[in-house]
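Printed here is run-v1.pdb (PDB, C-alpha atoms):
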```pdb
ATOM      1  CA  MET L1033     -21.314  15.693  46.407
ATOM      2  CA  TYR L1034     -24.675  17.430  46.261
ATOM      3  CA  THR L1035     -26.241  20.784  45.508
ATOM      4  CA  LEU L1036     -29.537  22.146  46.758
ATOM      5  CA  ASP L1037     -31.154  24.712  44.492
ATOM      6  CA  GLU L1038     -33.674  26.799  46.435
ATOM      7  CA  SER L1039     -33.634  29.654  43.910
ATOM      8  CA  LEU L1040     -36.728  28.168  42.243
ATOM      9  CA  TRP L1041     -38.781  28.160  45.458
ATOM     10  CA  PRO L1042     -41.366  26.669  45.972
ATOM     11  CA  LEU L1043     -39.578  24.080  43.830
ATOM     12  CA  ALA L1044     -36.483  22.653  45.536
ATOM     13  CA  ILE L1045     -34.066  20.469  43.597
ATOM     14  CA  VAL L1046     -31.302  18.397  45.154
ATOM     15  CA  GLN L1047     -28.776  17.023  42.697
ATOM     16  CA  ARG L1048     -26.246  14.436  43.774
ATOM     17  CA  SER L1049     -23.194  13.475  41.793
ATOM     18  CA  ASP L1050     -20.767  10.635  42.342
ATOM     19  CA  THR L1051     -20.731   9.476  45.978
ATOM     20  CA  THR L1052     -21.919  11.103  49.180
ATOM     21  CA  THR L1053     -20.041  11.012  52.464
ATOM     22  CA  ASP L1054     -21.869  10.591  55.759
ATOM     23  CA  LYS L1055     -21.000  14.207  56.599
ATOM     24  CA  GLU L1056     -22.544  15.391  53.312
ATOM     25  CA  MET L1057     -25.610  13.258  54.034
ATOM     26  CA  GLU L1058     -26.028  14.975  57.391
ATOM     27  CA  SER L1059     -25.778  18.331  55.615
ATOM     28  CA  ILE L1060     -28.403  17.301  53.052
ATOM     29  CA  LEU L1061     -30.770  16.286  55.835
ATOM     30  CA  GLN L1062     -30.223  19.587  57.666
ATOM     31  CA  SER L1063     -31.018  21.427  54.422
ATOM     32  CA  LEU L1064     -34.194  19.400  53.965
ATOM     33  CA  SER L1065     -35.197  20.223  57.538
ATOM     34  CA  ARG L1066     -34.779  23.934  56.788
ATOM     35  CA  LEU L1067     -37.113  23.595  53.790
ATOM     36  CA  ILE L1068     -39.902  22.011  55.818
ATOM     37  CA  LYS L1069     -39.486  24.553  58.615
ATOM     38  CA  ARG L1070     -40.462  27.328  56.195
ATOM     39  CA  ARG L1071     -43.996  25.985  56.628
ATOM     40  CA  GLU L1072     -44.879  26.838  53.032
ATOM     41  CA  PRO L1073     -46.124  24.483  50.326
ATOM     42  CA  TYR L1074     -43.295  23.142  48.170
ATOM     43  CA  VAL L1075     -42.274  20.260  45.933
ATOM     44  CA  LEU L1076     -38.970  18.446  46.352
ATOM     45  CA  VAL L1077     -37.052  16.739  43.559
ATOM     46  CA  ILE L1078     -33.970  14.696  44.386
ATOM     47  CA  ASP L1079     -31.950  13.783  41.298
ATOM     48  CA  PHE L1080     -29.846  10.645  41.763
ATOM     49  CA  SER L1081     -29.317  10.164  38.015
ATOM     50  CA  ARG L1082     -25.607  11.060  38.139
ATOM     51  CA  SER L1083     -24.737   9.494  41.467
ATOM     52  CA  ARG L1084     -23.903   6.234  43.078
ATOM     53  CA  PRO L1085     -26.436   4.706  45.462
ATOM     54  CA  LEU L1086     -26.455   5.807  49.076
ATOM     55  CA  THR L1087     -24.836   3.444  51.535
ATOM     56  CA  HIS L1088     -27.016   1.375  53.835
ATOM     57  CA  SER L1089     -26.266   3.670  56.793
ATOM     58  CA  GLN L1090     -27.113   6.738  54.688
ATOM     59  CA  ARG L1091     -30.426   5.212  53.620
ATOM     60  CA  MET L1092     -31.180   4.562  57.290
ATOM     61  CA  MET L1093     -30.244   8.182  58.154
ATOM     62  CA  LEU L1094     -32.676   9.323  55.456
ATOM     63  CA  ALA L1095     -35.422   7.021  56.744
ATOM     64  CA  ASP L1096     -34.946   8.327  60.308
ATOM     65  CA  HIS L1097     -35.100  11.908  59.055
ATOM     66  CA  GLN L1098     -38.262  11.224  57.065
ATOM     67  CA  ALA L1099     -39.916   9.714  60.125
ATOM     68  CA  GLU L1100     -38.981  12.784  62.206
ATOM     69  CA  ILE L1101     -40.493  15.273  59.752
ATOM     70  CA  ALA L1102     -43.394  13.122  58.540
ATOM     71  CA  ASP L1103     -46.189  15.215  60.086
ATOM     72  CA  LEU L1104     -44.893  18.523  58.700
ATOM     73  CA  ALA L1105     -44.078  16.920  55.354
ATOM     74  CA  ARG L1106     -47.658  15.688  54.944
ATOM     75  CA  GLU L1107     -48.844  19.249  55.448
ATOM     76  CA  TYR L1108     -46.323  21.237  53.407
ATOM     77  CA  CYS L1109     -44.535  18.933  50.954
ATOM     78  CA  LYS L1110     -46.952  18.739  48.028
ATOM     79  CA  GLY L1111     -44.795  16.347  46.042
ATOM     80  CA  PHE L1112     -41.560  14.435  46.456
ATOM     81  CA  PHE L1113     -39.919  12.954  43.382
ATOM     82  CA  VAL L1114     -36.748  10.884  43.248
ATOM     83  CA  VAL L1115     -34.989  10.589  39.886
ATOM     84  CA  ILE L1116     -33.314   7.190  39.611
ATOM     85  CA  ASN L1117     -32.063   5.783  36.332
ATOM     86  CA  SER L1118     -29.783   3.108  37.785
ATOM     87  CA  THR L1119     -30.947  -0.460  38.291
ATOM     88  CA  THR L1120     -28.625  -0.821  41.278
ATOM     89  CA  ALA L1121     -29.963   2.327  42.954
ATOM     90  CA  SER L1122     -33.558   1.276  42.258
ATOM     91  CA  LEU L1123     -32.928  -2.130  43.783
ATOM     92  CA  ALA L1124     -31.261  -0.651  46.884
ATOM     93  CA  ARG L1125     -34.171   1.744  47.363
ATOM     94  CA  ALA L1126     -36.718  -1.068  46.917
ATOM     95  CA  VAL L1127     -34.949  -3.304  49.451
ATOM     96  CA  THR L1128     -34.680  -0.484  51.990
ATOM     97  CA  SER L1129     -38.346   0.418  51.507
ATOM     98  CA  PHE L1130     -39.337  -3.208  52.034
ATOM     99  CA  VAL L1131     -37.257  -3.599  55.199
ATOM    100  CA  ARG L1132     -38.210  -0.189  56.543
ATOM    101  CA  PRO L1133     -41.168   1.423  54.770
ATOM    102  CA  SER L1134     -40.693   5.086  54.015
ATOM    103  CA  ALA L1135     -42.625   7.712  55.944
ATOM    104  CA  ASP L1136     -42.708   9.998  52.911
ATOM    105  CA  GLN L1137     -44.885   9.684  49.858
ATOM    106  CA  HIS L1138     -42.175   9.907  47.206
ATOM    107  CA  GLU L1139     -42.506   8.814  43.612
ATOM    108  CA  VAL L1140     -39.599   7.347  41.678
ATOM    109  CA  VAL L1141     -39.244   8.723  38.149
ATOM    110  CA  ALA L1142     -36.755   8.043  35.355
ATOM    111  CA  SER L1143     -35.790  11.609  34.433
ATOM    112  CA  LEU L1144     -35.603  15.131  35.761
ATOM    113  CA  ALA L1145     -38.002  16.279  33.014
ATOM    114  CA  GLU L1146     -40.592  13.750  34.199
ATOM    115  CA  ALA L1147     -40.131  14.875  37.813
ATOM    116  CA  LEU L1148     -40.623  18.522  36.842
ATOM    117  CA  GLU L1149     -43.791  17.805  34.860
ATOM    118  CA  ARG L1150     -45.242  15.837  37.758
ATOM    119  CA  ALA L1151     -44.180  18.623  40.122
ATOM    120  CA  ALA L1152     -46.161  21.103  38.013
ATOM    121  CA  ILE L1153     -49.252  18.918  38.308
ATOM    122  CA  ARG L1154     -48.833  18.631  42.074
ATOM    123  CA  PHE L1155     -48.493  22.400  42.380
ATOM    124  CA  GLU L1156     -51.705  22.851  40.390
ATOM    125  CA  GLN L1157     -53.520  20.344  42.603
ATOM    126  CA  ALA L1158     -52.270  22.205  45.688
ATOM    127  CA  GLY L1159     -53.396  25.588  44.338
ATOM    128  CA  VAL L1160     -49.852  26.936  43.868
ATOM    129  CA  PRO L1161     -49.884  28.204  40.260
ATOM    130  CA  MET L1162     -46.516  29.970  40.516
ATOM    131  CA  GLY L1163     -44.891  26.669  41.464
ATOM    132  CA  ALA L1164     -46.459  25.002  38.418
ATOM    133  CA  LEU L1165     -45.144  27.772  36.169
ATOM    134  CA  ILE L1166     -41.632  27.469  37.626
ATOM    135  CA  ALA L1167     -41.603  23.673  37.253
ATOM    136  CA  ARG L1168     -42.788  23.787  33.634
ATOM    137  CA  THR L1169     -40.291  26.518  32.763
ATOM    138  CA  GLN L1170     -37.479  24.384  34.197
ATOM    139  CA  ALA L1171     -38.710  21.308  32.340
ATOM    140  CA  ARG L1172     -38.371  23.162  29.013
ATOM    141  CA  ARG L1173     -34.696  24.037  29.673
TER     142      ARG L1173
END
```

Once more with this new file: its structure as structure tokens, please.
Amino acid sequence: MYTLDESLWPLAIVQRSDTTTDKEMESILQSLSRLIKRREPYVLVIDFSRSRPLTHSQRMMLADHQAEIADLAREYCKGFFVVINSTTASLARAVTSFVRPSADQHEVVASLAEALERAAIRFEQAGVPMGALIARTQARR
């Protein structure tokens, strides 16, 4: 299961818990496409800290999606952070990235707080001070 919190825009946070079905994965990818189609600067945080790793087919779906939106993502996505605190999930992501390098420029971090602090820095670098304020406010919660 997953939730997408867009209420903090331009900060978008996807949180996954437990396992994700292929149908849910398709829904996540559609949601991510909607974010990029806003054509506004944003930072994306995907929190896998309470979830099981994606299946191989889901990782491939994600890689295909990233390749499709790569040009727009380079322009509008000012930061992409993936929270992974599982050795198994980290290994699966590393293997997938080796076999099929990712089109995105994500950074793997160990906690949501770390992702939010880095998001604030990225917003500052992109000249989006409101995004930095939102990210830092969330990090303090």

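Atom to atom, CA of Gln1062 (chain L) and CA of Ala1095 (chain L) stand 13.6 Å apart.
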
Q. Hey, what comes out of the PyMOL selection byres ((chain L and resi 1040-1047) around 7) on this file? Could you write it as number ranges by chain?
A. L: 1034-1039, 1048-1049, 1073-1080, 1163, 1166-1167

Filtering to C-alpha atoms, could you give me those residues as a PDB file, in the coordinates of the input?
```
ATOM      1  CA  TYR L1034     -24.675  17.430  46.261  1.00  0.00           C
ATOM      2  CA  THR L1035     -26.241  20.784  45.508  1.00  0.00           C
ATOM      3  CA  LEU L1036     -29.537  22.146  46.758  1.00  0.00           C
ATOM      4  CA  ASP L1037     -31.154  24.712  44.492  1.00  0.00           C
ATOM      5  CA  GLU L1038     -33.674  26.799  46.435  1.00  0.00           C
ATOM      6  CA  SER L1039     -33.634  29.654  43.910  1.00  0.00           C
ATOM      7  CA  ARG L1048     -26.246  14.436  43.774  1.00  0.00           C
ATOM      8  CA  SER L1049     -23.194  13.475  41.793  1.00  0.00           C
ATOM      9  CA  PRO L1073     -46.124  24.483  50.326  1.00  0.00           C
ATOM     10  CA  TYR L1074     -43.295  23.142  48.170  1.00  0.00           C
ATOM     11  CA  VAL L1075     -42.274  20.260  45.933  1.00  0.00           C
ATOM     12  CA  LEU L1076     -38.970  18.446  46.352  1.00  0.00           C
ATOM     13  CA  VAL L1077     -37.052  16.739  43.559  1.00  0.00           C
ATOM     14  CA  ILE L1078     -33.970  14.696  44.386  1.00  0.00           C
ATOM     15  CA  ASP L1079     -31.950  13.783  41.298  1.00  0.00           C
ATOM     16  CA  PHE L1080     -29.846  10.645  41.763  1.00  0.00           C
ATOM     17  CA  GLY L1163     -44.891  26.669  41.464  1.00  0.00           C
ATOM     18  CA  ILE L1166     -41.632  27.469  37.626  1.00  0.00           C
ATOM     19  CA  ALA L1167     -41.603  23.673  37.253  1.00  0.00           C
TER      20      ALA L1167
END
```

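Taking CA of Ala1142 (chain L) and CA of Asp1050 (chain L) as the two end points, the separation is 17.6 Å.
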
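Residue nearest Ala1145 (chain L), chosen from L:Met1057, L:Ile1101, L:Val1115, L:Cys1109 and counting all atoms listed in the file: L:Val1115.
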
Q: Identify the residues within 7 Å of coordinate (-47.8, 14.9, 47.3) (same frame as the file), considering all atoms listed in the file, and give the answer as a ChimeraX atom specification.
A: /L:1109-1112,1137,1154

Grab the residues selected above and save them as a PDB file, in the coordinates of the input with C-alpha atoms.
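Generated file (again.pdb):
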```pdb
ATOM      1  CA  CYS L1109     -44.535  18.933  50.954  1.00  0.00           C
ATOM      2  CA  LYS L1110     -46.952  18.739  48.028  1.00  0.00           C
ATOM      3  CA  GLY L1111     -44.795  16.347  46.042  1.00  0.00           C
ATOM      4  CA  PHE L1112     -41.560  14.435  46.456  1.00  0.00           C
ATOM      5  CA  GLN L1137     -44.885   9.684  49.858  1.00  0.00           C
ATOM      6  CA  ARG L1154     -48.833  18.631  42.074  1.00  0.00           C
TER       7      ARG L1154
END
```

Mind completing region 1161-1172 of chain L with all heavy atoms? Output as an mmCIF file, keeping the file's coordinate frame, please?
```cif
data_model
loop_
_atom_site.group_PDB
_atom_site.id
_atom_site.type_symbol
_atom_site.label_atom_id
_atom_site.label_comp_id
_atom_site.auth_asym_id
_atom_site.auth_seq_id
_atom_site.Cartn_x
_atom_site.Cartn_y
_atom_site.Cartn_z
ATOM 1 N N PRO L 1161 -50.141 28.040 41.684
ATOM 2 C CA PRO L 1161 -49.884 28.204 40.260
ATOM 3 C C PRO L 1161 -48.473 28.687 39.936
ATOM 4 O O PRO L 1161 -47.912 28.309 38.902
ATOM 5 C CB PRO L 1161 -50.937 29.212 39.805
ATOM 6 C CG PRO L 1161 -51.388 29.897 41.045
ATOM 7 C CD PRO L 1161 -51.211 28.917 42.155
ATOM 8 N N MET L 1162 -47.871 29.508 40.795
ATOM 9 C CA MET L 1162 -46.516 29.970 40.516
ATOM 10 C C MET L 1162 -45.540 28.794 40.530
ATOM 11 O O MET L 1162 -44.618 28.736 39.720
ATOM 12 C CB MET L 1162 -46.086 31.036 41.536
ATOM 13 C CG MET L 1162 -44.693 31.580 41.280
ATOM 14 S SD MET L 1162 -44.436 32.232 39.600
ATOM 15 C CE MET L 1162 -45.342 33.744 39.721
ATOM 16 N N GLY L 1163 -45.736 27.858 41.430
ATOM 17 C CA GLY L 1163 -44.891 26.669 41.464
ATOM 18 C C GLY L 1163 -45.012 25.862 40.184
ATOM 19 O O GLY L 1163 -44.017 25.367 39.648
ATOM 20 N N ALA L 1164 -46.238 25.734 39.668
ATOM 21 C CA ALA L 1164 -46.459 25.002 38.418
ATOM 22 C C ALA L 1164 -45.744 25.691 37.263
ATOM 23 O O ALA L 1164 -45.107 25.030 36.431
ATOM 24 C CB ALA L 1164 -47.955 24.892 38.133
ATOM 25 N N LEU L 1165 -45.823 27.012 37.223
ATOM 26 C CA LEU L 1165 -45.144 27.772 36.169
ATOM 27 C C LEU L 1165 -43.634 27.575 36.247
ATOM 28 O O LEU L 1165 -42.968 27.346 35.226
ATOM 29 C CB LEU L 1165 -45.499 29.256 36.283
ATOM 30 C CG LEU L 1165 -44.816 30.188 35.290
ATOM 31 C CD1 LEU L 1165 -45.243 29.864 33.872
ATOM 32 C CD2 LEU L 1165 -45.122 31.635 35.628
ATOM 33 N N ILE L 1166 -43.075 27.648 37.441
ATOM 34 C CA ILE L 1166 -41.632 27.469 37.626
ATOM 35 C C ILE L 1166 -41.206 26.066 37.187
ATOM 36 O O ILE L 1166 -40.215 25.905 36.467
ATOM 37 C CB ILE L 1166 -41.242 27.724 39.100
ATOM 38 C CG1 ILE L 1166 -41.388 29.214 39.423
ATOM 39 C CG2 ILE L 1166 -39.830 27.233 39.393
ATOM 40 C CD1 ILE L 1166 -41.306 29.548 40.898
ATOM 41 N N ALA L 1167 -41.946 25.050 37.598
ATOM 42 C CA ALA L 1167 -41.603 23.673 37.253
ATOM 43 C C ALA L 1167 -41.647 23.462 35.744
ATOM 44 O O ALA L 1167 -40.746 22.842 35.159
ATOM 45 C CB ALA L 1167 -42.522 22.690 37.961
ATOM 46 N N ARG L 1168 -42.677 23.963 35.091
ATOM 47 C CA ARG L 1168 -42.788 23.787 33.634
ATOM 48 C C ARG L 1168 -41.704 24.561 32.892
ATOM 49 O O ARG L 1168 -41.166 24.089 31.881
ATOM 50 C CB ARG L 1168 -44.177 24.175 33.155
ATOM 51 C CG ARG L 1168 -45.199 23.131 33.549
ATOM 52 C CD ARG L 1168 -46.414 23.108 32.635
ATOM 53 N NE ARG L 1168 -47.197 21.940 32.969
ATOM 54 C CZ ARG L 1168 -48.228 21.962 33.826
ATOM 55 N NH1 ARG L 1168 -48.601 23.076 34.409
ATOM 56 N NH2 ARG L 1168 -48.900 20.855 34.066
ATOM 57 N N THR L 1169 -41.364 25.730 33.375
ATOM 58 C CA THR L 1169 -40.291 26.518 32.763
ATOM 59 C C THR L 1169 -38.970 25.751 32.862
ATOM 60 O O THR L 1169 -38.213 25.677 31.893
ATOM 61 C CB THR L 1169 -40.173 27.896 33.432
ATOM 62 O OG1 THR L 1169 -41.413 28.595 33.269
ATOM 63 C CG2 THR L 1169 -39.033 28.710 32.832
ATOM 64 N N GLN L 1170 -38.701 25.169 34.017
ATOM 65 C CA GLN L 1170 -37.479 24.384 34.197
ATOM 66 C C GLN L 1170 -37.481 23.151 33.323
ATOM 67 O O GLN L 1170 -36.449 22.764 32.797
ATOM 68 C CB GLN L 1170 -37.319 23.978 35.664
ATOM 69 C CG GLN L 1170 -36.829 25.078 36.554
ATOM 70 C CD GLN L 1170 -35.508 25.656 36.093
ATOM 71 O OE1 GLN L 1170 -35.427 26.798 35.675
ATOM 72 N NE2 GLN L 1170 -34.473 24.877 36.145
ATOM 73 N N ALA L 1171 -38.620 22.520 33.148
ATOM 74 C CA ALA L 1171 -38.710 21.308 32.340
ATOM 75 C C ALA L 1171 -38.370 21.592 30.882
ATOM 76 O O ALA L 1171 -37.841 20.732 30.193
ATOM 77 C CB ALA L 1171 -40.106 20.702 32.447
ATOM 78 N N ARG L 1172 -38.652 22.803 30.417
ATOM 79 C CA ARG L 1172 -38.371 23.162 29.013
ATOM 80 C C ARG L 1172 -36.903 23.494 28.792
ATOM 81 O O ARG L 1172 -36.474 23.608 27.647
ATOM 82 C CB ARG L 1172 -39.232 24.338 28.594
ATOM 83 C CG ARG L 1172 -40.690 23.963 28.365
ATOM 84 C CD ARG L 1172 -41.450 25.110 27.750
ATOM 85 N NE ARG L 1172 -41.723 26.118 28.744
ATOM 86 C CZ ARG L 1172 -42.898 26.296 29.346
ATOM 87 N NH1 ARG L 1172 -43.901 25.533 29.025
ATOM 88 N NH2 ARG L 1172 -43.066 27.236 30.247
#
```
